[in-house]
>>> print(open('data.cif').read())   # mmCIF, C-alpha atoms and all ligand atoms
data_entry
#
loop_
_atom_site.label_atom_id
_atom_site.label_comp_id
_atom_site.auth_asym_id
_atom_site.auth_seq_id
_atom_site.Cartn_x
_atom_site.Cartn_y
_atom_site.Cartn_z
CA MET A 124 27.18 49.83 42.34
CA ASN A 125 26.08 47.30 39.72
CA LYS A 126 23.40 49.24 37.81
CA VAL A 127 20.64 47.26 36.16
CA PRO A 128 18.70 49.01 33.41
CA LEU A 129 15.18 47.99 32.44
CA LEU A 130 16.54 46.86 29.10
CA ASP A 131 19.92 47.04 27.39
CA LEU A 132 19.84 47.32 23.61
CA LYS A 133 23.55 48.00 23.44
CA ALA A 134 24.36 44.62 24.99
CA GLN A 135 22.19 42.98 22.34
CA TYR A 136 23.89 44.91 19.54
CA VAL A 137 27.32 43.89 20.77
CA SER A 138 26.33 40.24 20.45
CA ILE A 139 25.22 40.58 16.80
CA SER A 140 27.11 43.64 15.57
CA GLU A 141 28.97 41.95 12.73
CA GLU A 142 25.86 40.59 11.06
CA ILE A 143 23.91 43.78 11.65
CA ASP A 144 26.63 46.02 10.24
CA TYR A 145 26.91 43.81 7.18
CA ALA A 146 23.12 43.80 6.61
CA VAL A 147 22.87 47.57 6.95
CA LYS A 148 25.78 48.18 4.62
CA GLU A 149 24.36 45.82 2.05
CA VAL A 150 21.05 47.71 1.91
CA ILE A 151 22.81 51.04 1.55
CA GLN A 152 25.06 49.69 -1.18
CA ASN A 153 22.14 48.13 -3.05
CA GLY A 154 20.26 51.40 -2.94
CA THR A 155 16.72 50.02 -2.56
CA PHE A 156 15.22 51.58 0.54
CA ILE A 157 11.49 51.08 0.09
CA LEU A 158 9.82 47.66 -0.23
CA GLY A 159 12.91 45.79 -1.35
CA GLU A 160 13.98 42.19 -1.04
CA ASN A 161 14.48 42.35 2.74
CA VAL A 162 10.92 43.48 3.40
CA LYS A 163 9.59 40.74 1.14
CA ARG A 164 11.75 38.07 2.76
CA LEU A 165 10.99 39.24 6.30
CA GLU A 166 7.26 39.14 5.50
CA GLU A 167 7.65 35.52 4.39
CA GLU A 168 9.79 34.65 7.40
CA ILE A 169 7.39 36.20 9.94
CA ALA A 170 4.41 34.56 8.23
CA ALA A 171 6.18 31.19 8.44
CA PHE A 172 7.13 31.87 12.07
CA CYS A 173 3.46 32.55 12.91
CA ASN A 174 2.04 29.74 10.74
CA THR A 175 0.17 32.22 8.58
CA LYS A 176 0.00 32.58 4.84
CA TYR A 177 0.77 36.29 4.68
CA GLY A 178 2.85 38.92 6.41
CA ILE A 179 2.66 42.59 5.49
CA GLY A 180 5.32 44.97 6.75
CA VAL A 181 4.03 48.34 7.93
CA ALA A 182 5.45 51.44 9.59
CA SER A 183 4.65 50.60 13.23
CA GLY A 184 2.63 48.43 15.56
CA THR A 185 0.09 51.22 15.75
CA ASP A 186 -0.29 51.16 11.98
CA ALA A 187 -0.52 47.37 12.01
CA LEU A 188 -3.72 47.76 14.05
CA LEU A 189 -4.93 50.79 12.12
CA LEU A 190 -4.50 49.19 8.70
CA SER A 191 -6.09 45.98 9.97
CA LEU A 192 -9.18 47.89 11.08
CA MET A 193 -9.25 49.86 7.81
CA ALA A 194 -9.05 46.66 5.77
CA CYS A 195 -11.90 45.18 7.84
CA ARG A 196 -13.95 48.30 7.06
CA VAL A 197 -14.25 49.48 10.64
CA GLY A 198 -15.38 53.09 10.59
CA ARG A 199 -17.87 55.70 11.68
CA GLY A 200 -20.61 54.40 13.96
CA ASP A 201 -18.90 51.08 14.65
CA GLU A 202 -17.92 49.90 18.10
CA VAL A 203 -14.75 47.94 18.86
CA ILE A 204 -14.30 46.07 22.12
CA THR A 205 -10.91 46.07 23.78
CA SER A 206 -9.09 46.25 27.10
CA PRO A 207 -8.58 49.49 29.02
CA PHE A 208 -5.35 48.10 30.45
CA THR A 209 -2.99 48.46 27.51
CA PHE A 210 -0.87 50.98 25.64
CA ILE A 211 -2.99 53.76 24.16
CA ALA A 212 -2.33 52.69 20.55
CA THR A 213 -4.75 49.76 20.88
CA ALA A 214 -7.72 52.09 21.39
CA GLU A 215 -6.38 55.16 19.60
CA VAL A 216 -6.61 53.52 16.18
CA ILE A 217 -10.31 52.80 16.76
CA VAL A 218 -10.95 56.50 17.37
CA LEU A 219 -8.84 57.57 14.37
CA LEU A 220 -11.29 55.72 12.14
CA GLY A 221 -14.33 57.38 13.69
CA ALA A 222 -15.35 54.28 15.60
CA LYS A 223 -15.92 53.97 19.34
CA PRO A 224 -13.75 51.99 21.77
CA VAL A 225 -15.83 49.95 24.19
CA PHE A 226 -13.78 48.78 27.13
CA VAL A 227 -14.13 45.47 28.93
CA ASP A 228 -12.26 44.93 32.19
CA ILE A 229 -9.34 42.54 32.59
CA ASP A 230 -8.88 39.26 34.36
CA PRO A 231 -6.79 40.44 37.36
CA LYS A 232 -4.61 37.33 37.21
CA THR A 233 -3.42 37.63 33.60
CA TYR A 234 -4.11 41.36 32.98
CA ASN A 235 -5.76 40.36 29.69
CA ILE A 236 -9.34 41.13 28.66
CA ASP A 237 -11.84 39.01 30.61
CA PRO A 238 -13.66 36.97 27.95
CA ALA A 239 -16.62 36.35 30.28
CA GLN A 240 -17.48 40.06 30.25
CA ILE A 241 -17.35 40.62 26.50
CA GLU A 242 -20.78 39.33 25.50
CA ALA A 243 -22.66 41.81 27.70
CA MET A 244 -21.01 44.71 25.88
CA ILE A 245 -21.92 43.63 22.36
CA THR A 246 -24.48 45.86 20.60
CA PRO A 247 -25.77 45.92 17.01
CA ASN A 248 -22.93 48.38 16.29
CA THR A 249 -20.14 46.12 17.50
CA LYS A 250 -17.86 45.23 14.65
CA ALA A 251 -14.63 43.92 16.15
CA ILE A 252 -12.74 42.79 19.22
CA ILE A 253 -9.06 43.60 19.79
CA PRO A 254 -7.62 41.29 22.46
CA VAL A 255 -4.17 42.38 23.64
CA HIS A 256 -1.59 39.74 24.58
CA LEU A 257 -0.27 41.91 27.40
CA TYR A 258 3.33 41.62 28.58
CA GLY A 259 3.71 38.71 26.14
CA GLN A 260 1.04 36.37 27.50
CA PRO A 261 -1.75 35.40 25.07
CA ALA A 262 -5.32 36.40 25.88
CA ASP A 263 -7.80 33.53 26.24
CA MET A 264 -8.42 33.33 22.50
CA ASP A 265 -10.75 30.31 22.27
CA LYS A 266 -13.38 32.05 24.37
CA ILE A 267 -12.93 35.32 22.50
CA LEU A 268 -13.06 33.66 19.07
CA ASP A 269 -16.11 31.66 20.04
CA CYS A 270 -17.95 34.79 21.19
CA ALA A 271 -16.88 36.64 18.03
CA LYS A 272 -18.11 33.83 15.83
CA ARG A 273 -21.54 33.78 17.47
CA HIS A 274 -21.91 37.52 16.92
CA ASN A 275 -20.18 37.72 13.56
CA LEU A 276 -17.38 39.98 14.80
CA VAL A 277 -13.87 40.39 13.49
CA VAL A 278 -11.02 39.59 15.90
CA ILE A 279 -7.76 41.50 15.51
CA GLU A 280 -4.96 40.36 17.78
CA ASP A 281 -2.73 43.01 19.32
CA ALA A 282 0.50 41.05 19.63
CA ALA A 283 2.78 44.08 19.87
CA GLN A 284 4.32 42.57 23.02
CA ALA A 285 3.95 38.90 22.19
CA ILE A 286 5.83 37.73 19.11
CA GLY A 287 6.63 34.04 19.51
CA ALA A 288 4.11 33.41 22.30
CA LYS A 289 1.92 30.32 22.09
CA TYR A 290 -1.69 29.73 23.07
CA LYS A 291 -2.47 26.00 23.29
CA ASP A 292 -1.03 24.68 20.01
CA LYS A 293 -1.36 28.02 18.23
CA MET A 294 1.09 30.81 17.60
CA VAL A 295 0.14 34.34 18.45
CA GLY A 296 -0.61 35.89 15.07
CA GLU A 297 -2.49 32.99 13.54
CA MET A 298 -5.71 33.18 15.56
CA GLY A 299 -7.31 36.49 14.63
CA LYS A 300 -8.56 37.65 11.25
CA THR A 301 -5.38 39.69 11.35
CA CYS A 302 -2.73 40.31 13.97
CA GLY A 303 -0.59 43.38 14.60
CA PHE A 304 3.04 43.16 15.68
CA SER A 305 5.32 46.01 16.74
CA PHE A 306 9.05 46.21 16.08
CA PHE A 307 9.50 49.20 18.41
CA PRO A 308 13.09 48.89 19.74
CA ALA A 309 11.98 47.69 23.20
CA LYS A 310 9.92 44.82 21.81
CA ASN A 311 11.19 41.22 21.81
CA LEU A 312 11.95 41.61 18.11
CA GLY A 313 12.96 45.24 18.00
CA ALA A 314 14.13 47.34 15.07
CA TYR A 315 16.49 50.30 15.25
CA GLY A 316 13.54 52.60 14.78
CA ASP A 317 9.80 52.06 14.25
CA GLY A 318 8.29 49.15 12.38
CA GLY A 319 5.39 46.73 12.41
CA MET A 320 3.87 43.70 10.72
CA ILE A 321 0.41 42.33 10.05
CA THR A 322 -0.14 38.60 9.72
CA THR A 323 -3.23 37.02 8.21
CA ASN A 324 -4.46 33.92 6.41
CA ASP A 325 -6.95 35.93 4.37
CA GLU A 326 -5.70 36.54 0.83
CA ASP A 327 -8.12 39.37 0.06
CA LEU A 328 -7.30 41.20 3.28
CA ALA A 329 -3.56 40.78 2.67
CA LYS A 330 -3.95 42.25 -0.80
CA LYS A 331 -6.02 45.12 0.52
CA ILE A 332 -3.57 45.92 3.33
CA ARG A 333 -0.69 45.93 0.83
CA MET A 334 -2.63 48.50 -1.16
CA ILE A 335 -3.56 50.60 1.87
CA ARG A 336 0.09 50.88 2.88
CA THR A 337 0.95 52.35 -0.53
CA HIS A 338 -1.78 54.93 -1.05
CA GLY A 339 -4.45 52.50 -2.23
CA SER A 340 -2.44 51.43 -5.24
CA GLN A 341 -1.07 48.28 -6.80
CA VAL A 342 0.27 50.00 -9.88
CA LYS A 343 2.28 53.17 -9.35
CA TYR A 344 0.18 56.34 -9.70
CA HIS A 345 -3.07 54.34 -10.08
CA HIS A 346 -5.03 54.77 -6.85
CA GLU A 347 -8.08 52.56 -6.38
CA PHE A 348 -9.01 53.91 -2.95
CA ILE A 349 -7.63 56.18 -0.24
CA GLY A 350 -4.81 54.60 1.65
CA THR A 351 -1.75 56.00 3.33
CA ASN A 352 2.02 55.68 3.47
CA SER A 353 2.80 52.96 5.98
CA ARG A 354 5.67 50.77 4.90
CA LEU A 355 8.25 48.87 6.85
CA ASP A 356 11.59 50.38 6.02
CA GLU A 357 14.03 48.21 4.03
CA LEU A 358 16.88 48.99 6.43
CA GLN A 359 14.77 47.96 9.41
CA ALA A 360 13.69 44.79 7.61
CA ALA A 361 17.34 43.86 7.00
CA ILE A 362 18.10 44.40 10.70
CA LEU A 363 15.03 42.46 11.77
CA ARG A 364 15.96 39.49 9.57
CA VAL A 365 19.25 39.19 11.45
CA LYS A 366 17.44 39.45 14.78
CA LEU A 367 14.64 37.03 13.85
CA LYS A 368 17.21 34.22 13.63
CA LYS A 369 18.00 34.82 17.31
CA LEU A 370 14.45 35.29 18.52
CA ASN A 371 13.80 31.76 19.80
CA GLU A 372 17.07 31.75 21.70
CA TRP A 373 16.27 35.17 23.21
CA THR A 374 12.77 34.03 24.15
CA ILE A 375 14.18 31.02 25.99
CA GLN A 376 16.49 33.37 27.90
CA ARG A 377 13.55 35.61 28.84
CA GLN A 378 11.58 32.58 30.03
CA ARG A 379 14.56 31.39 32.07
CA ILE A 380 14.97 34.81 33.72
CA ALA A 381 11.24 34.92 34.47
CA GLN A 382 11.45 31.52 36.11
CA ILE A 383 14.38 32.60 38.30
CA TYR A 384 12.54 35.77 39.39
CA THR A 385 9.38 33.81 40.14
CA GLU A 386 11.21 31.16 42.19
CA ALA A 387 13.06 33.83 44.17
CA PHE A 388 9.88 35.78 44.99
CA ARG A 389 7.78 32.77 45.96
CA GLY A 390 6.17 33.05 49.40
CA LYS A 391 7.36 36.63 49.92
CA GLY A 392 4.07 38.45 49.45
CA ILE A 393 4.93 39.52 45.90
CA ILE A 394 2.44 38.63 43.20
CA THR A 395 4.45 37.17 40.32
CA PRO A 396 3.11 36.70 36.77
CA PHE A 397 0.34 34.11 36.63
CA VAL A 398 0.74 31.89 33.60
CA GLU A 399 -2.28 30.04 32.25
CA GLU A 400 -1.34 26.36 31.89
CA PHE A 401 -2.14 26.48 28.18
CA ASN A 402 0.05 29.54 27.53
CA SER A 403 3.69 29.93 26.66
CA PRO A 404 4.39 33.65 27.28
CA VAL A 405 7.42 35.51 25.95
CA TYR A 406 7.88 38.09 28.73
CA ASN A 407 8.23 41.36 26.90
CA GLN A 408 7.78 42.52 30.47
CA TYR A 409 8.24 40.69 33.75
CA THR A 410 5.62 42.46 35.82
CA ILE A 411 5.05 41.90 39.52
CA ARG A 412 2.27 43.28 41.65
CA VAL A 413 2.80 44.84 45.07
CA LYS A 414 0.85 47.02 47.50
CA ASN A 415 3.80 49.26 48.40
CA ARG A 416 4.84 50.09 44.85
CA GLU A 417 6.11 53.64 45.29
CA GLU A 418 8.30 52.60 48.22
CA LEU A 419 9.66 49.66 46.26
CA ILE A 420 10.46 51.84 43.22
CA ALA A 421 12.41 54.27 45.43
CA HIS A 422 14.21 51.43 47.18
CA LEU A 423 15.17 49.78 43.86
CA LYS A 424 16.34 53.07 42.45
CA LYS A 425 18.69 53.47 45.39
CA SER A 426 20.02 49.99 44.64
CA GLY A 427 20.63 50.94 41.00
CA VAL A 428 17.71 48.93 39.61
CA ASP A 429 15.47 50.55 37.00
CA THR A 430 11.76 49.77 36.88
CA ALA A 431 8.74 50.89 34.85
CA ILE A 432 4.98 50.96 35.26
CA HIS A 433 2.97 49.37 32.46
CA TYR A 434 0.55 51.18 32.76
CA PRO A 435 -0.07 53.83 35.43
CA ILE A 436 -3.42 55.09 34.10
CA PRO A 437 -5.99 52.79 32.48
CA LEU A 438 -7.28 54.10 29.18
CA HIS A 439 -10.83 54.85 30.36
CA LEU A 440 -9.36 57.41 32.80
CA GLN A 441 -7.05 59.08 30.28
CA PRO A 442 -7.99 62.66 29.35
CA ALA A 443 -7.84 61.63 25.68
CA PHE A 444 -10.86 59.37 26.24
CA SER A 445 -12.81 61.64 28.60
CA TYR A 446 -15.45 62.15 25.89
CA LEU A 447 -16.43 58.51 26.33
CA GLU A 448 -17.60 59.50 29.84
CA TYR A 449 -16.18 56.58 31.72
CA LYS A 450 -15.42 57.22 35.39
CA ALA A 451 -13.27 55.87 38.19
CA GLY A 452 -14.76 52.61 39.40
CA ASP A 453 -15.97 51.50 35.96
CA PHE A 454 -13.19 48.93 35.53
CA ILE A 455 -11.97 48.14 38.99
CA GLU A 456 -9.52 45.39 38.07
CA SER A 457 -7.72 47.60 35.56
CA GLU A 458 -7.68 50.47 38.04
CA GLN A 459 -6.31 48.30 40.84
CA ALA A 460 -3.68 46.77 38.55
CA SER A 461 -2.56 50.22 37.41
CA LYS A 462 -1.85 51.08 41.05
CA GLU A 463 0.11 47.93 41.83
CA VAL A 464 2.00 46.64 38.77
CA LEU A 465 5.74 47.09 38.42
CA SER A 466 7.96 45.83 35.62
CA LEU A 467 11.46 44.65 36.53
CA PRO A 468 14.53 44.55 34.26
CA MET A 469 13.96 41.96 31.55
CA TYR A 470 16.11 41.30 28.51
CA PRO A 471 17.94 38.21 27.23
CA GLU A 472 21.40 39.59 27.99
CA LEU A 473 20.64 40.21 31.69
CA SER A 474 23.56 38.54 33.48
CA ASP A 475 23.23 36.23 36.48
CA GLU A 476 24.99 38.89 38.54
CA GLN A 477 22.50 41.57 37.47
CA LEU A 478 19.63 39.18 38.12
CA GLU A 479 20.97 38.59 41.61
CA THR A 480 21.23 42.36 42.16
CA VAL A 481 17.56 42.81 41.23
CA ILE A 482 16.39 39.88 43.32
CA SER A 483 18.26 40.85 46.46
CA ALA A 484 17.19 44.47 46.07
CA VAL A 485 13.53 43.46 45.78
CA LEU A 486 13.74 41.00 48.64
CA GLY A 487 15.35 43.69 50.76
CA MET A 488 11.89 45.17 51.09
CA PHE A 489 9.95 41.98 51.82
C1 LIG A 501 0.01 46.59 23.37
C2 LIG A 501 0.57 47.51 22.33
N1 LIG A 501 -0.15 47.83 21.25
C3 LIG A 501 0.32 48.63 20.29
C4 LIG A 501 1.57 49.18 20.36
C5 LIG A 501 2.01 50.12 19.30
O1 LIG A 501 3.19 49.76 18.67
P1 LIG A 501 4.16 50.86 18.05
O2 LIG A 501 4.83 51.59 19.16
O3 LIG A 501 5.11 50.05 17.21
O4 LIG A 501 3.33 51.77 17.20
C6 LIG A 501 2.38 48.87 21.47
C7 LIG A 501 3.77 49.32 21.62
O5 LIG A 501 4.24 50.36 21.69
C8 LIG A 501 1.86 48.05 22.49
O6 LIG A 501 2.59 47.75 23.57
#
>>> encode(input="data.cif", output="structure tokens", more="lines below")
Ligand SMILES: Cc1ncc(COP(=O)(O)O)c(C=O)c1O
Amino acid sequence: MNKVPLLDLKAQYVSISEEIDYAVKEVIQNGTFILGENVKRLEEEIAAFCNTKYGIGVASGTDALLLSLMACRVGRGDEVITSPFTFIATAEVIVLLGAKPVFVDIDPKTYNIDPAQIEAMITPNTKAIIPVHLYGQPADMDKILDCAKRHNLVVIEDAAQAIGAKYKDKMVGEMGKTCGFSFFPAKNLGAYGDGGMITTNDEDLAKKIRMIRTHGSQVKYHHEFIGTNSRLDELQAAILRVKLKKLNEWTIQRQRIAQIYTEAFRGKGIITPFVEEFNSPVYNQYTIRVKNREELIAHLKKSGVDTAIHYPIPLHLQPAFSYLEYKAGDFIESEQASKEVLSLPMYPELSDEQLETVISAVLGMF
């Protein structure tokens, strides 16, 4: 049986092993492991890629959001609006700073926060909005930015899943006050460990975030405020610089695979990803929507096809957020999506044969 995993990092490594091995060896031989030349260069390269002035390497995508909020002075008593249909990190960082997540339901077509519902949730305590570009498709930023501007709110993009995606003529990463990227191995630009990046056009914020990531200091052992240790590792930066050169090519492959899936599933009663005409998504996930999900998962498993659910429980119903006292029925679109979404294998190295295996296995049930 031709097994098809959800993603195959080994296949990717095989295609770039020489360059990766060389880059890793070079870092080890040079002996600079923290904030060396590779971190600096990757920060410049990602900033250029996103059309921003600054990039700041941090320890993870979670920290990219956390440090962004810290730099924007979000803290106790503040409210931050975001989507309940995302990975927990998006809302977790709000709570870590003593602020309160305020959820706004998603647009059921795109799975991104519904901009039309944001305004009603703004209070005098609202300080920021974190739109998530879920699965790699940008949220409707113009509407969100317009609302934020009218209410003097900070917008922090969560682009953990969306590096390289475009919204109208803008890159993800250049629209918010800051933007957080994740280099978690399964992301489109994945490290061999954890890593993250913040992009911004704001010089003061960039400077502040650089200080936060090294214990509130610019000069060693001189601490101007309380920060933390959240640096992108030099080894990971060296690896990511090799991979960044391939990113556009890999994105095109992901888009091609998505198109083939979508064509194959047309008219079969499977809801395929809806793409806003102004968006160019990067398909960190290719996520379909079906009524008979559990049956389909079992059927695909038997056919050797791995799947995943992103995400089975919306955040407002997670025990970790029970203190917020949301209940079932509060965000019906997120709840419905969490019961029906299913992510299929998606990675640039997916062969035509594997693609065919997935498609025929899926269609076997429709
Ligand atoms: C939407 C979203 N936000 C934030 C994160 C956090 O990133 P990391 O795992 O690098 O901390 C992730 C990924 O895991 C994510 O998918």
>>> closest_residue(input="data.cif", among="A:Ile349, A:Leu438, A:Ala251, A:Val150", to="ligand LIG 501 (chain A)", atoms="only C-alpha atoms and all ligand atoms")
A:Leu438
>>> closest_residue(input="data.cif", among="A:Leu440, A:Ala285, A:Val162, A:Cys302", to="A:Asp356", atoms="all atoms listed in the file")
A:Val162
>>> closest_atom_pairs(input="data.cif", of="chain A", to="ligand LIG 501 (chain A)", cutoff="6 Å", atoms="all atoms listed in the file", output="CSV")
residue,atom,partner,partner_atom,distance
A:Ser183,CA,A:LIG501,O3,4.0
A:Gly184,CA,A:LIG501,O3,3.4
A:Thr185,CA,A:LIG501,O4,3.6
A:Thr209,CA,A:LIG501,C1,5.4
A:Phe210,CA,A:LIG501,C2,5.0
A:Ala212,CA,A:LIG501,C3,4.9
A:Thr213,CA,A:LIG501,N1,5.0
A:Val255,CA,A:LIG501,C1,5.9
A:Asp281,CA,A:LIG501,N1,5.8
A:Ala283,CA,A:LIG501,C2,4.8
A:Gln284,CA,A:LIG501,O6,5.5
A:Ser305,CA,A:LIG501,O3,4.1
A:Phe306,CA,A:LIG501,O3,5.6
A:Phe307,CA,A:LIG501,O3,4.6
A:Asp317,CA,A:LIG501,O3,5.9
A:Gly318,CA,A:LIG501,O3,5.9
A:Gly319,CA,A:LIG501,O3,5.8
>>> closest_residue(input="data.cif", among="A:Gln408, A:Thr205, A:Thr480, A:Gln441", to="A:Val464", atoms="all atoms listed in the file")
A:Gln408
>>> closest_residue(input="data.cif", among="A:Glu149, A:Glu215, A:Glu386, A:Glu400", to="A:Gln260", atoms="all atoms listed in the file")
A:Glu400
>>> atom_distance(input="data.cif", atom1="atom CA of A:Asp429", atom2="atom CA of A:Lys126")
8.1 Å
>>> residues_around(input="data.cif", residues="A:Val295", least_positions_apart="3", cutoff="7 Å", atoms="only C-alpha atoms", output="PyMOL selection string")
chain A and resi 173+261+282+286-290+298
>>> write_last_selection(input="data.cif", atoms="C-alpha atoms", output="JSON list (two decimals), in the frame of the given file")
[["chain", "number", "residue", "atom", "x", "y", "z"],
["A", 173, "CYS", "CA", 3.46, 32.55, 12.91],
["A", 261, "PRO", "CA", -1.75, 35.40, 25.07],
["A", 282, "ALA", "CA", 0.50, 41.05, 19.63],
["A", 286, "ILE", "CA", 5.83, 37.73, 19.11],
["A", 287, "GLY", "CA", 6.63, 34.04, 19.51],
["A", 288, "ALA", "CA", 4.11, 33.41, 22.30],
["A", 289, "LYS", "CA", 1.92, 30.32, 22.09],
["A", 290, "TYR", "CA", -1.69, 29.73, 23.07],
["A", 298, "MET", "CA", -5.71, 33.18, 15.56]]
>>> closest_atom_pairs(input="data.cif", of="stretch 299-357 of chain A", to="stretch 133-139 of chain A", cutoff="12 Å", atoms="all atoms listed in the file", output="tab-separated table")
residue	atom	partner	partner_atom	distance
A:Pro308	CA	A:Lys133	CA	11.1
A:Ala309	CA	A:Gln135	CA	11.3
A:Asn311	CA	A:Gln135	CA	11.2
A:Leu312	CA	A:Gln135	CA	11.2
A:Gly313	CA	A:Gln135	CA	10.4
A:Ala314	CA	A:Tyr136	CA	11.0
A:Tyr315	CA	A:Tyr136	CA	10.1
>>> residues_near_point(input="data.cif", point="(12.0, 51.1, 5.0)", cutoff="9 Å", atoms="all atoms listed in the file", output="PyMOL selection string")
chain A and resi 155-159+162+181-182+318+354-360
>>> write_last_selection(input="data.cif", atoms="C-alpha atoms", output="mmCIF file, in the frame of the given file")
data_model
loop_
_atom_site.group_PDB
_atom_site.id
_atom_site.type_symbol
_atom_site.label_atom_id
_atom_site.label_comp_id
_atom_site.auth_asym_id
_atom_site.auth_seq_id
_atom_site.Cartn_x
_atom_site.Cartn_y
_atom_site.Cartn_z
ATOM 1 C CA THR A 155 16.720 50.020 -2.560
ATOM 2 C CA PHE A 156 15.220 51.580 0.540
ATOM 3 C CA ILE A 157 11.490 51.080 0.090
ATOM 4 C CA LEU A 158 9.820 47.660 -0.230
ATOM 5 C CA GLY A 159 12.910 45.790 -1.350
ATOM 6 C CA VAL A 162 10.920 43.480 3.400
ATOM 7 C CA VAL A 181 4.030 48.340 7.930
ATOM 8 C CA ALA A 182 5.450 51.440 9.590
ATOM 9 C CA GLY A 318 8.290 49.150 12.380
ATOM 10 C CA ARG A 354 5.670 50.770 4.900
ATOM 11 C CA LEU A 355 8.250 48.870 6.850
ATOM 12 C CA ASP A 356 11.590 50.380 6.020
ATOM 13 C CA GLU A 357 14.030 48.210 4.030
ATOM 14 C CA LEU A 358 16.880 48.990 6.430
ATOM 15 C CA GLN A 359 14.770 47.960 9.410
ATOM 16 C CA ALA A 360 13.690 44.790 7.610
#
>>> residues_around(input="data.cif", residues="A:Thr175", least_positions_apart="5", cutoff="8 Å", atoms="only C-alpha atoms", output="count of residues only")
6
>>> residues_around(input="data.cif", residues="A:Lys450", least_positions_apart="3", cutoff="12 Å", atoms="all atoms listed in the file", output="PDB file with C-alpha atoms, in the frame of the given file")
ATOM      1  CA  PHE A 226     -13.780  48.780  27.130  1.00  0.00           C
ATOM      2  CA  PRO A 437      -5.990  52.790  32.480  1.00  0.00           C
ATOM      3  CA  LEU A 438      -7.280  54.100  29.180  1.00  0.00           C
ATOM      4  CA  HIS A 439     -10.830  54.850  30.360  1.00  0.00           C
ATOM      5  CA  LEU A 440      -9.360  57.410  32.800  1.00  0.00           C
ATOM      6  CA  GLN A 441      -7.050  59.080  30.280  1.00  0.00           C
ATOM      7  CA  PRO A 442      -7.990  62.660  29.350  1.00  0.00           C
ATOM      8  CA  PHE A 444     -10.860  59.370  26.240  1.00  0.00           C
ATOM      9  CA  SER A 445     -12.810  61.640  28.600  1.00  0.00           C
ATOM     10  CA  TYR A 446     -15.450  62.150  25.890  1.00  0.00           C
ATOM     11  CA  LEU A 447     -16.430  58.510  26.330  1.00  0.00           C
ATOM     12  CA  ASP A 453     -15.970  51.500  35.960  1.00  0.00           C
ATOM     13  CA  PHE A 454     -13.190  48.930  35.530  1.00  0.00           C
ATOM     14  CA  ILE A 455     -11.970  48.140  38.990  1.00  0.00           C
ATOM     15  CA  GLU A 458      -7.680  50.470  38.040  1.00  0.00           C
TER      16      GLU A 458
END
>>> atom_distance(input="data.cif", atom1="atom CA of A:Leu276", atom2="atom CA of A:Lys250")
5.3 Å
